[in-house]
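Shown next: run_33.txt, given as compact mmCIF, C-alpha atoms.
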# COMPACT_ATOMS: atom_id res chain seq x y z
CA MET A 1 -44.78 195.45 91.30
CA ARG A 2 -48.54 195.63 91.85
CA LYS A 3 -49.22 193.50 88.76
CA LEU A 4 -46.75 190.87 89.96
CA GLU A 5 -48.44 190.69 93.36
CA GLU A 6 -51.93 190.54 91.83
CA ASN A 7 -50.93 187.69 89.50
CA PHE A 8 -49.46 185.81 92.44
CA LYS A 9 -52.67 186.11 94.48
CA GLN A 10 -54.93 185.27 91.52
CA SER A 11 -53.00 182.05 90.94
CA GLY A 12 -53.70 180.99 94.53
CA GLY A 13 -50.49 182.23 96.07
CA LYS A 14 -50.46 183.21 99.73
CA TRP A 15 -48.07 183.93 102.58
CA GLN A 16 -47.15 181.42 105.26
CA GLU A 17 -44.94 181.46 108.35
CA PHE A 18 -41.88 179.21 108.64
CA ARG A 19 -39.57 178.57 111.58
CA ILE A 20 -36.10 179.88 110.66
CA GLY A 21 -34.36 176.77 111.99
CA ASP A 22 -36.46 174.55 109.71
CA LEU A 23 -35.17 176.39 106.63
CA PHE A 24 -31.62 177.39 107.57
CA GLU A 25 -28.67 175.90 109.40
CA LYS A 26 -25.65 177.51 111.02
CA ILE A 27 -22.37 176.76 109.26
CA LYS A 28 -19.55 175.33 111.36
CA THR A 29 -16.35 177.34 110.98
CA LYS A 30 -12.80 177.17 112.30
CA LYS A 31 -12.09 179.59 115.10
CA LEU A 32 -9.55 182.20 114.07
CA GLU A 33 -7.46 183.61 116.90
CA PHE A 34 -7.26 187.13 115.50
CA LYS A 35 -7.97 190.42 117.24
CA ALA A 36 -9.28 193.35 115.21
CA GLN A 37 -6.27 195.53 116.05
CA ASP A 38 -3.95 192.86 114.61
CA LEU A 39 -5.69 192.66 111.25
CA LYS A 40 -5.37 194.69 108.07
CA ASN A 41 -8.20 196.72 106.57
CA ARG A 42 -6.65 196.54 103.12
CA ARG A 43 -6.00 193.50 100.96
CA ASP A 44 -2.45 192.33 100.24
CA GLU A 45 -0.87 189.12 98.92
CA ILE A 46 -1.24 187.26 102.23
CA TYR A 47 -4.15 189.01 103.94
CA ASN A 48 -6.62 188.72 101.07
CA LEU A 49 -9.71 186.97 102.48
CA PRO A 50 -12.46 189.39 103.66
CA ALA A 51 -13.42 188.71 107.27
CA LEU A 52 -16.81 189.41 108.82
CA THR A 53 -17.15 191.25 112.11
CA ALA A 54 -20.15 192.73 113.92
CA GLY A 55 -20.06 195.93 111.84
CA VAL A 56 -22.29 197.12 109.00
CA GLU A 57 -19.86 198.98 106.73
CA ASN A 58 -19.11 197.16 103.47
CA GLN A 59 -21.56 194.42 104.47
CA GLY A 60 -19.66 193.77 107.70
CA LEU A 61 -16.43 192.91 105.88
CA ALA A 62 -14.06 195.27 107.66
CA TYR A 63 -10.79 193.31 107.68
CA TYR A 64 -8.71 190.79 105.76
CA VAL A 65 -7.13 187.55 107.02
CA PRO A 66 -4.88 184.90 105.45
CA ARG A 67 -6.75 182.11 103.66
CA GLU A 68 -4.66 179.49 105.42
CA ASN A 69 -6.65 177.70 108.18
CA ALA A 70 -9.74 179.82 107.45
CA THR A 71 -13.18 178.42 106.60
CA ILE A 72 -13.94 179.99 103.23
CA LEU A 73 -17.63 180.78 102.78
CA LYS A 74 -19.61 181.97 99.77
CA ASN A 75 -23.26 182.35 98.72
CA VAL A 76 -24.54 182.35 102.30
CA ILE A 77 -26.08 184.83 104.75
CA SER A 78 -23.90 186.49 107.37
CA VAL A 79 -25.25 187.42 110.81
CA SER A 80 -23.85 189.97 113.25
CA ALA A 81 -24.23 188.59 116.77
CA ASN A 82 -22.93 191.38 118.99
CA GLY A 83 -22.78 195.10 119.55
CA ALA A 84 -25.21 197.76 118.40
CA ASN A 85 -25.65 195.91 115.09
CA THR A 86 -26.61 192.54 116.53
CA GLY A 87 -29.05 190.82 114.19
CA VAL A 88 -27.89 192.59 111.03
CA MET A 89 -27.73 190.20 108.08
CA PHE A 90 -26.20 190.39 104.62
CA TYR A 91 -26.11 188.11 101.61
CA GLN A 92 -22.45 187.38 100.84
CA PRO A 93 -21.99 186.28 97.19
CA ASN A 94 -18.18 186.24 97.31
CA ASP A 95 -15.48 184.46 99.34
CA PHE A 96 -15.22 185.53 102.99
CA THR A 97 -14.83 184.10 106.50
CA VAL A 98 -16.14 184.99 109.95
CA LEU A 99 -14.41 186.33 113.03
CA GLN A 100 -15.73 186.61 116.56
CA ASP A 101 -19.18 188.13 117.12
CA SER A 102 -20.56 186.87 113.81
CA TYR A 103 -21.60 183.69 112.03
CA ALA A 104 -23.11 182.46 108.76
CA ILE A 105 -26.21 180.47 107.82
CA LYS A 106 -27.28 178.68 104.64
CA PHE A 107 -30.50 177.32 103.20
CA ARG A 108 -30.89 173.64 104.01
CA TYR A 109 -32.55 172.21 100.91
CA LYS A 110 -31.10 173.65 97.70
CA GLU A 111 -28.73 176.17 96.17
CA LEU A 112 -30.42 179.54 95.99
CA SER A 113 -29.89 182.23 93.37
CA ASN A 114 -28.61 185.67 94.34
CA SER A 115 -32.09 187.15 94.02
CA GLN A 116 -33.66 184.43 96.16
CA TYR A 117 -31.08 184.96 98.88
CA LEU A 118 -31.76 188.70 98.78
CA PHE A 119 -35.47 188.03 99.26
CA PHE A 120 -34.73 185.77 102.23
CA VAL A 121 -32.48 188.40 103.81
CA ALA A 122 -35.32 190.94 103.63
CA ALA A 123 -37.74 188.44 105.23
CA LEU A 124 -35.24 187.50 107.92
CA GLN A 125 -34.44 191.11 108.75
CA LYS A 126 -38.13 191.89 109.15
CA SER A 127 -38.24 189.25 111.88
CA ILE A 128 -34.80 189.74 113.46
CA ARG A 129 -33.59 193.31 113.02
CA PHE A 130 -34.06 195.58 116.07
CA GLN A 131 -35.36 192.66 118.14
CA PHE A 132 -31.99 192.15 119.86
CA ASP A 133 -29.45 194.38 121.65
CA TRP A 134 -26.32 194.35 123.80
CA SER A 135 -28.03 192.42 126.60
CA ASN A 136 -29.96 190.10 124.27
CA LYS A 137 -27.65 189.09 121.42
CA ALA A 138 -28.82 187.54 118.17
CA GLY A 139 -27.17 184.14 118.55
CA TRP A 140 -28.29 181.19 116.43
CA GLU A 141 -29.98 179.40 119.35
CA LYS A 142 -32.30 182.39 119.70
CA ILE A 143 -33.06 183.35 116.12
CA LYS A 144 -33.59 179.79 114.85
CA ASN A 145 -36.84 179.60 116.79
CA ARG A 146 -38.27 182.81 115.35
CA PHE A 147 -40.59 182.81 112.33
CA ILE A 148 -40.51 184.48 108.92
CA SER A 149 -43.31 184.99 106.43
CA LEU A 150 -42.75 183.67 102.88
CA PRO A 151 -44.82 183.38 99.68
CA VAL A 152 -46.13 179.87 98.97
CA LEU A 153 -48.09 178.18 96.19
CA THR A 154 -51.39 176.35 96.55
CA ASN A 155 -49.55 173.07 97.22
CA GLY A 156 -47.54 174.56 100.10
CA GLU A 157 -44.28 174.89 98.17
CA ILE A 158 -42.21 178.02 98.66
CA ALA A 159 -42.64 180.24 95.57
CA PHE A 160 -38.99 180.64 94.66
CA GLU A 161 -39.71 182.01 91.20
CA TYR A 162 -41.99 184.65 92.70
CA MET A 163 -39.08 185.69 94.93
CA GLU A 164 -36.83 185.91 91.88
CA SER A 165 -39.37 188.03 90.00
CA TYR A 166 -39.95 190.28 93.00
CA ILE A 167 -36.26 191.17 93.32
CA LYS A 168 -35.90 191.74 89.57
CA GLU A 169 -38.96 194.00 89.67
CA LEU A 170 -37.39 195.92 92.53
CA GLU A 171 -34.17 196.31 90.56
CA ALA A 172 -36.13 197.57 87.54
CA GLU A 173 -37.94 200.15 89.66
CA ARG A 174 -34.67 201.47 91.05
CA LEU A 175 -33.21 201.77 87.58
CA GLU A 176 -36.29 203.67 86.46
CA GLU A 177 -35.64 206.07 89.31
CA LEU A 178 -32.05 206.45 88.18
CA GLU A 179 -33.14 207.16 84.63
CA ALA A 180 -35.58 209.81 85.89
CA TYR A 181 -32.69 211.32 87.85
CA LEU A 182 -30.56 211.44 84.72
CA LEU A 183 -33.29 213.29 82.85
CA THR A 184 -33.92 215.85 85.58
CA THR A 185 -30.23 216.60 86.15
CA GLY A 186 -29.21 216.74 82.51
CA LEU A 187 -26.96 213.70 82.82
CA LYS A 188 -28.77 211.98 79.96
CA ASP A 189 -26.25 213.78 77.74
CA TYR A 190 -23.16 211.62 78.06
CA LYS A 191 -20.86 213.89 75.99
CA LEU A 192 -18.06 215.33 78.09
CA THR A 193 -17.07 218.98 78.02
CA GLU A 194 -13.45 219.94 77.38
CA GLN A 195 -13.02 220.76 81.06
CA GLU A 196 -14.37 217.35 82.01
CA LYS A 197 -11.98 215.68 79.56
CA VAL A 198 -9.09 217.39 81.36
CA ILE A 199 -10.42 216.08 84.65
CA LEU A 200 -10.60 212.60 83.15
CA GLN A 201 -6.93 212.80 82.27
CA ASP A 202 -6.15 213.62 85.90
CA PHE A 203 -8.05 210.49 86.86
CA ALA A 204 -6.36 208.20 84.31
CA LYS A 205 -5.67 205.49 86.83
CA LEU A 206 -9.29 205.43 87.97
CA GLN A 207 -10.59 205.50 84.40
CA ASN A 208 -8.40 202.58 83.31
CA GLU A 209 -9.48 200.54 86.30
CA ASN A 210 -13.14 201.20 85.56
CA SER A 211 -12.83 200.32 81.87
CA LYS A 212 -11.39 196.92 82.80
CA ARG A 213 -14.08 196.22 85.35
CA GLY A 214 -17.04 197.75 83.53
CA GLY A 215 -17.75 200.16 86.39
CA ALA A 216 -16.94 200.40 90.09
CA PHE A 217 -19.22 197.51 90.99
CA SER A 218 -19.00 193.99 89.60
CA SER A 219 -22.77 193.63 89.20
CA LEU A 220 -26.05 195.45 89.48
CA GLU A 221 -26.84 193.63 92.70
CA ASP A 222 -23.53 194.69 94.22
CA TYR A 223 -24.41 198.29 93.35
CA LEU A 224 -27.94 198.12 94.75
CA LEU A 225 -26.99 196.25 97.89
CA TYR A 226 -23.94 198.29 98.93
CA GLY A 227 -24.77 199.43 102.54
CA GLY A 228 -28.18 197.79 102.29
CA SER A 229 -29.72 200.31 99.88
CA LEU A 230 -31.73 197.80 97.79
CA LEU A 231 -34.78 197.99 100.03
CA ASP A 232 -34.59 201.77 100.60
CA SER A 233 -37.58 203.16 98.70
CA LYS A 234 -36.53 206.80 98.93
CA LYS A 235 -34.82 207.65 95.66
CA GLN A 236 -32.87 210.59 97.03
CA ASN A 237 -31.24 208.59 99.81
CA PHE A 238 -30.60 205.69 97.45
CA ILE A 239 -28.75 207.85 94.90
CA THR A 240 -26.84 209.82 97.53
CA HIS A 241 -25.63 206.68 99.26
CA ALA A 242 -24.66 204.96 96.03
CA LEU A 243 -22.67 207.96 94.82
CA SER A 244 -21.00 208.28 98.21
CA CYS A 245 -19.81 204.67 97.94
CA LEU A 246 -18.52 205.31 94.43
CA THR A 247 -16.70 208.43 95.60
CA GLN A 248 -15.08 206.58 98.48
CA ARG A 249 -13.63 204.05 96.05
CA ALA A 250 -12.61 206.65 93.52
CA LEU A 251 -10.75 208.82 96.03
CA LYS A 252 -8.41 205.94 96.82
CA SER A 253 -7.05 206.18 93.28
CA LEU A 254 -6.27 209.90 93.34
CA ASP A 255 -2.84 211.47 93.68
CA THR A 256 -3.26 213.67 96.79
CA SER A 257 0.39 214.69 97.11
CA LYS A 258 -0.45 218.31 96.26
CA TRP A 259 -3.48 218.51 98.51
CA GLN A 260 -3.36 220.42 101.77
CA GLU A 261 -4.53 219.73 105.32
CA PHE A 262 -7.05 222.11 106.87
CA PRO A 263 -8.16 222.15 110.52
CA PHE A 264 -11.86 221.44 110.95
CA TYR A 265 -12.58 224.89 112.43
CA GLU A 266 -11.12 226.72 109.39
CA ILE A 267 -13.53 225.12 106.91
CA PHE A 268 -16.55 223.92 108.86
CA ILE A 269 -19.10 224.89 111.49
CA TYR A 270 -21.00 222.40 113.59
CA GLU A 271 -23.81 222.19 116.12
CA ARG A 272 -24.76 219.20 118.21
CA GLY A 273 -28.31 217.91 117.91
CA LYS A 274 -30.79 217.88 120.78
CA ARG A 275 -31.99 215.00 122.94
CA TYR A 276 -35.45 213.78 121.98
CA LYS A 277 -36.42 210.54 123.73
CA LYS A 278 -38.07 207.87 121.62
CA ALA A 279 -41.00 207.64 124.03
CA ASP A 280 -41.71 211.35 123.48
CA HIS A 281 -41.76 211.20 119.67
CA THR A 282 -44.82 212.59 117.91
CA SER A 283 -45.40 211.18 114.44
CA GLY A 284 -44.84 213.67 111.62
CA LYS A 285 -43.07 214.34 108.32
CA ILE A 286 -39.67 215.68 109.44
CA PRO A 287 -36.82 213.11 109.36
CA TYR A 288 -35.22 212.55 112.77
CA ILE A 289 -31.53 211.72 112.33
CA SER A 290 -29.83 209.53 114.90
CA SER A 291 -26.50 207.70 115.02
CA SER A 292 -27.82 204.82 112.89
CA ALA A 293 -25.72 203.61 109.95
CA PHE A 294 -28.88 202.74 107.98
CA ASN A 295 -31.36 204.67 105.81
CA ASN A 296 -29.27 207.85 105.68
CA GLY A 297 -29.38 207.97 109.47
CA ILE A 298 -33.16 208.46 109.52
CA ASP A 299 -34.51 206.87 112.68
CA ASN A 300 -38.08 208.19 112.51
CA TYR A 301 -40.37 210.86 111.03
CA VAL A 302 -41.56 213.30 113.65
CA SER A 303 -43.30 216.57 114.45
CA PRO A 304 -40.36 218.00 116.40
CA PRO A 305 -40.80 220.03 119.60
CA SER A 306 -40.07 223.74 119.43
CA TYR A 307 -36.65 223.44 121.10
CA MET A 308 -35.29 221.34 118.20
CA LYS A 309 -33.72 223.26 115.32
CA ILE A 310 -34.73 222.26 111.80
CA TYR A 311 -31.75 222.04 109.45
CA THR A 312 -31.54 221.81 105.65
CA ASN A 313 -28.67 221.05 103.28
CA LYS A 314 -26.24 219.84 105.94
CA LEU A 315 -24.07 216.86 106.86
CA THR A 316 -24.56 214.79 110.00
CA LEU A 317 -21.74 212.98 111.77
CA ALA A 318 -22.52 210.29 114.37
CA ASN A 319 -20.52 211.05 117.52
CA SER A 320 -21.65 207.84 119.27
CA GLY A 321 -23.42 204.63 118.24
CA SER A 322 -22.18 204.06 114.67
CA VAL A 323 -19.35 206.48 115.40
CA GLY A 324 -18.01 208.35 112.36
CA THR A 325 -20.95 207.53 110.07
CA CYS A 326 -21.62 210.59 107.92
CA PHE A 327 -24.64 211.45 105.73
CA TYR A 328 -25.78 214.34 103.58
CA HIS A 329 -29.33 215.69 103.96
CA PRO A 330 -30.55 218.12 101.26
CA TYR A 331 -34.01 218.05 102.88
CA SER A 332 -35.28 219.52 106.17
CA PHE A 333 -34.43 217.41 109.24
CA VAL A 334 -33.79 217.44 112.98
CA ALA A 335 -30.90 215.70 114.71
CA SER A 336 -30.47 213.79 117.96
CA ASP A 337 -27.79 214.59 120.51
CA HIS A 338 -25.83 211.62 119.13
CA CYS A 339 -25.15 213.62 115.94
CA MET A 340 -23.14 216.64 114.95
CA VAL A 341 -24.71 218.78 112.23
CA ILE A 342 -21.99 220.18 109.94
CA TRP A 343 -21.87 222.81 107.18
CA LEU A 344 -19.29 224.90 105.34
CA LYS A 345 -18.08 228.08 106.97
CA ASP A 346 -17.74 230.29 103.88
CA LYS A 347 -19.69 228.52 101.15
CA GLU A 348 -23.15 227.08 100.60
CA MET A 349 -23.16 223.30 100.60
CA ASN A 350 -24.48 221.47 97.53
CA THR A 351 -24.96 217.81 96.66
CA HIS A 352 -21.71 217.42 94.73
CA ILE A 353 -19.51 219.04 97.39
CA ALA A 354 -21.26 217.04 100.09
CA LEU A 355 -20.68 213.75 98.24
CA PHE A 356 -16.99 214.58 97.92
CA LEU A 357 -16.71 215.33 101.65
CA LEU A 358 -18.62 212.31 102.97
CA PRO A 359 -15.85 209.69 102.56
CA ILE A 360 -13.30 212.18 103.90
CA PHE A 361 -15.32 212.59 107.09
CA GLU A 362 -15.89 208.84 107.33
CA LYS A 363 -12.14 208.32 107.77
CA LEU A 364 -12.82 209.40 111.36
CA LYS A 365 -14.12 205.86 111.89
CA ASP A 366 -10.51 204.69 111.92
CA LYS A 367 -9.81 206.83 114.99
CA HIS A 368 -13.02 206.53 116.97
CA ASP A 369 -15.32 203.83 118.32
CA PHE A 370 -17.61 203.13 121.30
CA GLY A 371 -14.69 203.62 123.67
CA ARG A 372 -13.49 206.81 122.01
CA GLU A 373 -16.44 208.86 120.82
CA ILE A 374 -16.19 212.09 118.84
CA ASN A 375 -16.47 215.16 121.08
CA HIS A 376 -15.81 218.89 120.59
CA ASP A 377 -12.13 218.84 121.49
CA ARG A 378 -11.34 215.86 119.31
CA LEU A 379 -13.22 217.31 116.35
CA MET A 380 -11.43 220.65 116.66
CA GLN A 381 -8.11 218.84 116.53
CA GLU A 382 -8.99 217.00 113.32
CA LYS A 383 -7.34 218.00 110.04
CA PHE A 384 -8.81 217.14 106.64
CA LEU A 385 -6.79 216.63 103.46
CA LEU A 386 -8.47 218.57 100.63
CA PRO A 387 -7.61 219.61 97.05
CA ILE A 388 -6.53 223.24 96.74
CA ASP A 389 -6.82 225.93 94.08
CA SER A 390 -4.09 228.30 92.85
CA LYS A 391 -4.55 230.47 95.96
CA GLY A 392 -4.19 227.60 98.39
CA ASN A 393 -7.87 227.50 99.32
CA PRO A 394 -10.08 224.40 99.20
CA ASP A 395 -10.90 223.78 95.55
CA PHE A 396 -14.66 223.32 95.67
CA ALA A 397 -14.95 223.61 91.88
CA PHE A 398 -12.68 220.58 91.56
CA MET A 399 -14.79 218.66 94.08
CA GLU A 400 -17.97 219.37 92.13
CA SER A 401 -16.43 218.38 88.79
CA PHE A 402 -15.05 215.19 90.29
CA ILE A 403 -18.47 214.07 91.53
CA LYS A 404 -20.20 215.04 88.30
CA GLU A 405 -17.72 212.90 86.41
CA ILE A 406 -18.44 209.92 88.65
CA GLU A 407 -22.14 210.41 88.00
CA LYS A 408 -21.67 210.32 84.27
CA GLU A 409 -19.26 207.42 84.24
CA HIS A 410 -21.28 205.09 86.43
CA PHE A 411 -24.85 206.01 85.65
CA LEU A 412 -24.09 205.43 81.99
CA SER A 413 -23.11 201.82 82.66
CA LEU A 414 -26.20 201.30 84.80
CA ILE A 415 -28.59 202.64 82.20
CA GLU A 416 -26.96 200.50 79.50
CA TYR A 417 -27.40 197.51 81.80
CA TYR A 418 -31.02 198.48 82.38
CA HIS A 419 -31.94 198.51 78.69
CA LYS A 420 -30.14 195.21 78.09
CA GLU A 421 -31.81 193.43 81.01
CA MET A 422 -35.40 194.61 80.53
CA SER A 423 -36.28 191.92 77.97
CA ALA A 424 -35.00 189.14 80.22
CA TYR A 425 -36.82 190.71 83.16
CA ASN A 426 -40.13 190.73 81.25
CA GLU A 427 -39.74 187.02 80.49
CA VAL A 428 -39.30 186.29 84.20
CA LEU A 429 -42.47 188.19 85.04
CA GLU A 430 -44.47 185.98 82.66
CA THR A 431 -43.59 182.86 84.66
CA ASN A 432 -45.25 181.96 87.93
CA GLY A 433 -44.47 179.60 90.78
CA GLY A 434 -41.94 176.86 91.31
CA GLY A 435 -40.42 175.63 94.56
CA ILE A 436 -39.86 172.72 96.91
CA LYS A 437 -42.09 171.02 99.42
CA LEU A 438 -40.87 171.23 103.02

Turn the structure described in the file into structure tokens.
Amino acid sequence: MRKLEENFKQSGGKWQEFRIGDLFEKIKTKKLEFKAQDLKNRRDEIYNLPALTAGVENQGLAYYVPRENATILKNVISVSANGANTGVMFYQPNDFTVLQDSYAIKFRYKELSNSQYLFFVAALQKSIRFQFDWSNKAGWEKIKNRFISLPVLTNGEIAFEYMESYIKELEAERLEELEAYLLTTGLKDYKLTEQEKVILQDFAKLQNENSKRGGAFSSLEDYLLYGGSLLDSKKQNFITHALSCLTQRALKSLDTSKWQEFPFYEIFIYERGKRYKKADHTSGKIPYISSSAFNNGIDNYVSPPSYMKIYTNKLTLANSGSVGTCFYHPYSFVASDHCMVIWLKDKEMNTHIALFLLPIFEKLKDKHDFGREINHDRLMQEKFLLPIDSKGNPDFAFMESFIKEIEKEHFLSLIEYYHKEMSAYNEVLETNGGGIKL
């Protein structure tokens, strides 16, 4: 990355500010008279067009609507214009439409590549994200007059090829991190044990689906961008989030008819975090976990006051804000009063068990929202469907094996992709410049 930036500067490249409204335009769409409670959160033959709301899960695409009478959008940027996530943007490479509290924008002057759109989203978010709230919503009339900083050539043209190279470099760095992870965890050995082969047979449906699709994600960019993880520089959070997304998809394919429900209090213990006002924060190295749905819930790095308990190797569950958002933290952290810190009652948590549990906890999102937050009584009433062993206890060994299998299956395809793409990536790095005059 440093070499790319140095070459750009040496060739006369610089950064320049542009008004958002001079580069992008809001797309006119048909108004759909749907309410969220009337829509489906799973695709079927009629309801098969993803619809954008003001959320952040799955890039804001929480529901499906019929294609009839809908404005079908693709290769544009979506914008959340309401709620706690106002101002959140995503690049949407596939067909979708917008519902209330959201809209879409497109570049005025040319068709952009996926990588160029990703670069623009990062630049836009730097200017827009966290600058708006409930009382000051990120509508187009407001954000179009804000400015973003972009790379330009000596003649004033936007350096589109530099953007392309920058994103590809970022992808390469992430894949290097993944390869390092494979080496340190022993996953570089792709040969399955006999026990793992048995597990694969239990997951035949999932395995067949993956073999047809070449992995759970349709592309490398889809993988890197899921939940906004492309620009997260912390390898541990990146890998944990990616595997959590994979697990969530994989669990939908499992036969759970022989699983058993367990009340929360039989399996888990929780403590609520402590209030620590933003104005009182002292900069430090301990992650402060809030109810954010971004960056593994990390809101800041602090030197916590003595009354705050430091946790390690625990889950956090947002009880307000992004209600139901759940993350695993193998590192030391402190938690706000908008989080519940959760661990196992009779067993030490580990990464693989945690990754299995995350999507199970996140099902609480279906029951809770801003108007119905998660409190003690509601959590104690919750029951969780879990695999069981021969004695009827939660089968943690199964959970671990399941996650390890997902690691092997999907990291293999990513590493193969990495080696295949490196030569093309190097060719891109050798080029410099290109763009349009505005």

Counting only C-alpha atoms, the residue of A:Leu386, A:Val323, A:Ile353, A:Ile286 that sits nearest Leu254 in chain A: A:Leu386

CA of Gly273 in chain A to CA of Ser336 in chain A, distance in Å rounded to a single decimal: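 CA of Ser336 in chain A lies at a distance of 4.7 Å from CA of Gly273 in chain A.
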
Distance criterion (all atoms listed in the file): nearest to Tyr162 in chain A out of A:Ser292, A:Gln381, A:Ser11, A:Ser283: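 Under the stated criterion, the closest residue is A:Ser11.
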
Surrounding residues of Asn375 in chain A excluding itself and chain neighbours under 4 positions, 10 Å, only C-alpha atoms, as a PyMOL selection string: chain A and resi 272+319-320+340+379-380

Gap from CA of His281 in chain A to CA of Phe333 in chain A - Å, one decimal: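 Separating CA of His281 in chain A from CA of Phe333 in chain A is a distance of 14.2 Å.
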
Polymer residues at most 10 Å from Phe130 in chain A, only C-alpha atoms, same-chain spacing of 4 or more positions, as a ChimeraX atom specification: /A:84-88,125-126,138

A:Lys383, A:Asn69, A:Asn7, A:Phe327 ranked by distance to Tyr265 in chain A, top pick (using all atoms listed in the file):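 Smallest distance to Tyr265 in chain A is found for A:Lys383.
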
Selection: 10 Å around Leu99 in chain A, all atoms listed in the file, excl. self and same-chain fewer than 5 positions, as a PyMOL selection string: chain A and resi 29-36+51-54+61+63+65+70

Point (-32.9, 177.9, 114.7) neighbourhood (8 Å, all atoms listed in the file) written as a list in words: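 Counting all atoms listed in the file, I find these residues within 8 Å of (-32.9, 177.9, 114.7): Arg19, Ile20, Gly21, Asp22, Phe24, Glu25, Trp140, Glu141, Lys142, Ile143, Lys144, Asn145 and Arg146 of chain A.
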
Contact residues around Lys363 in chain A with all atoms listed in the file at 12 Å, ignoring same-chain residues under 3 positions, as a PyMOL selection string: chain A and resi 248+251-252+317+323-326+357-360+366-369+382-385

Residue nearest Phe268 in chain A - candidates A:Ile388, A:Val152, A:Met349, A:Ile77, atoms counted: only C-alpha atoms: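 With only C-alpha atoms as the atom set, the closest residue is A:Met349.
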
Two-atom distance - CA of Tyr307 in chain A, CA of Phe294 in chain A (Å):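 About the pair CA of Tyr307 in chain A and CA of Phe294 in chain A: they are 25.7 Å apart.
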
Find the residues around Asn94 in chain A up to 9 Å (only C-alpha atoms counted), leave out those fewer than 5 positions away in its own chain, and share them as a short mmCIF file (atom, residue, chain, number, x, y, z; two decimals) with C-alpha atoms, in the frame of the given file.
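Writing done, so here's selection.cif:
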data_model
loop_
_atom_site.label_atom_id
_atom_site.label_comp_id
_atom_site.auth_asym_id
_atom_site.auth_seq_id
_atom_site.Cartn_x
_atom_site.Cartn_y
_atom_site.Cartn_z
CA LEU A 73 -17.63 180.78 102.78
CA LYS A 74 -19.61 181.97 99.77
CA ASN A 75 -23.26 182.35 98.72
CA VAL A 76 -24.54 182.35 102.30
#

Of the listed residues A:Ser291, A:Cys339, A:Asn82, A:Thr97, that which approaches Glu68 in chain A most closely, counting all atoms listed in the file: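 Of all the options, A:Thr97 lies closest to Glu68 in chain A.
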
Counting all atoms listed in the file, the option among A:Phe396, A:Tyr311, A:Phe96, A:Tyr103 closest to Tyr331 in chain A: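 Residue with the minimum atom-to-atom distance to Tyr331 in chain A: A:Tyr311.
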
For range 33-52 of chain A, take all atoms listed in the file, fit an axis-aligned box around them, add 8 Å to each of the six sides, then output centre and edge lengths in Å rounded to one decimal, as lines of an AutoDock Vina configuration file.
center_x = -8.8
center_y = 190.2
center_z = 108.1
size_x = 31.9
size_y = 29.1
size_z = 34.3
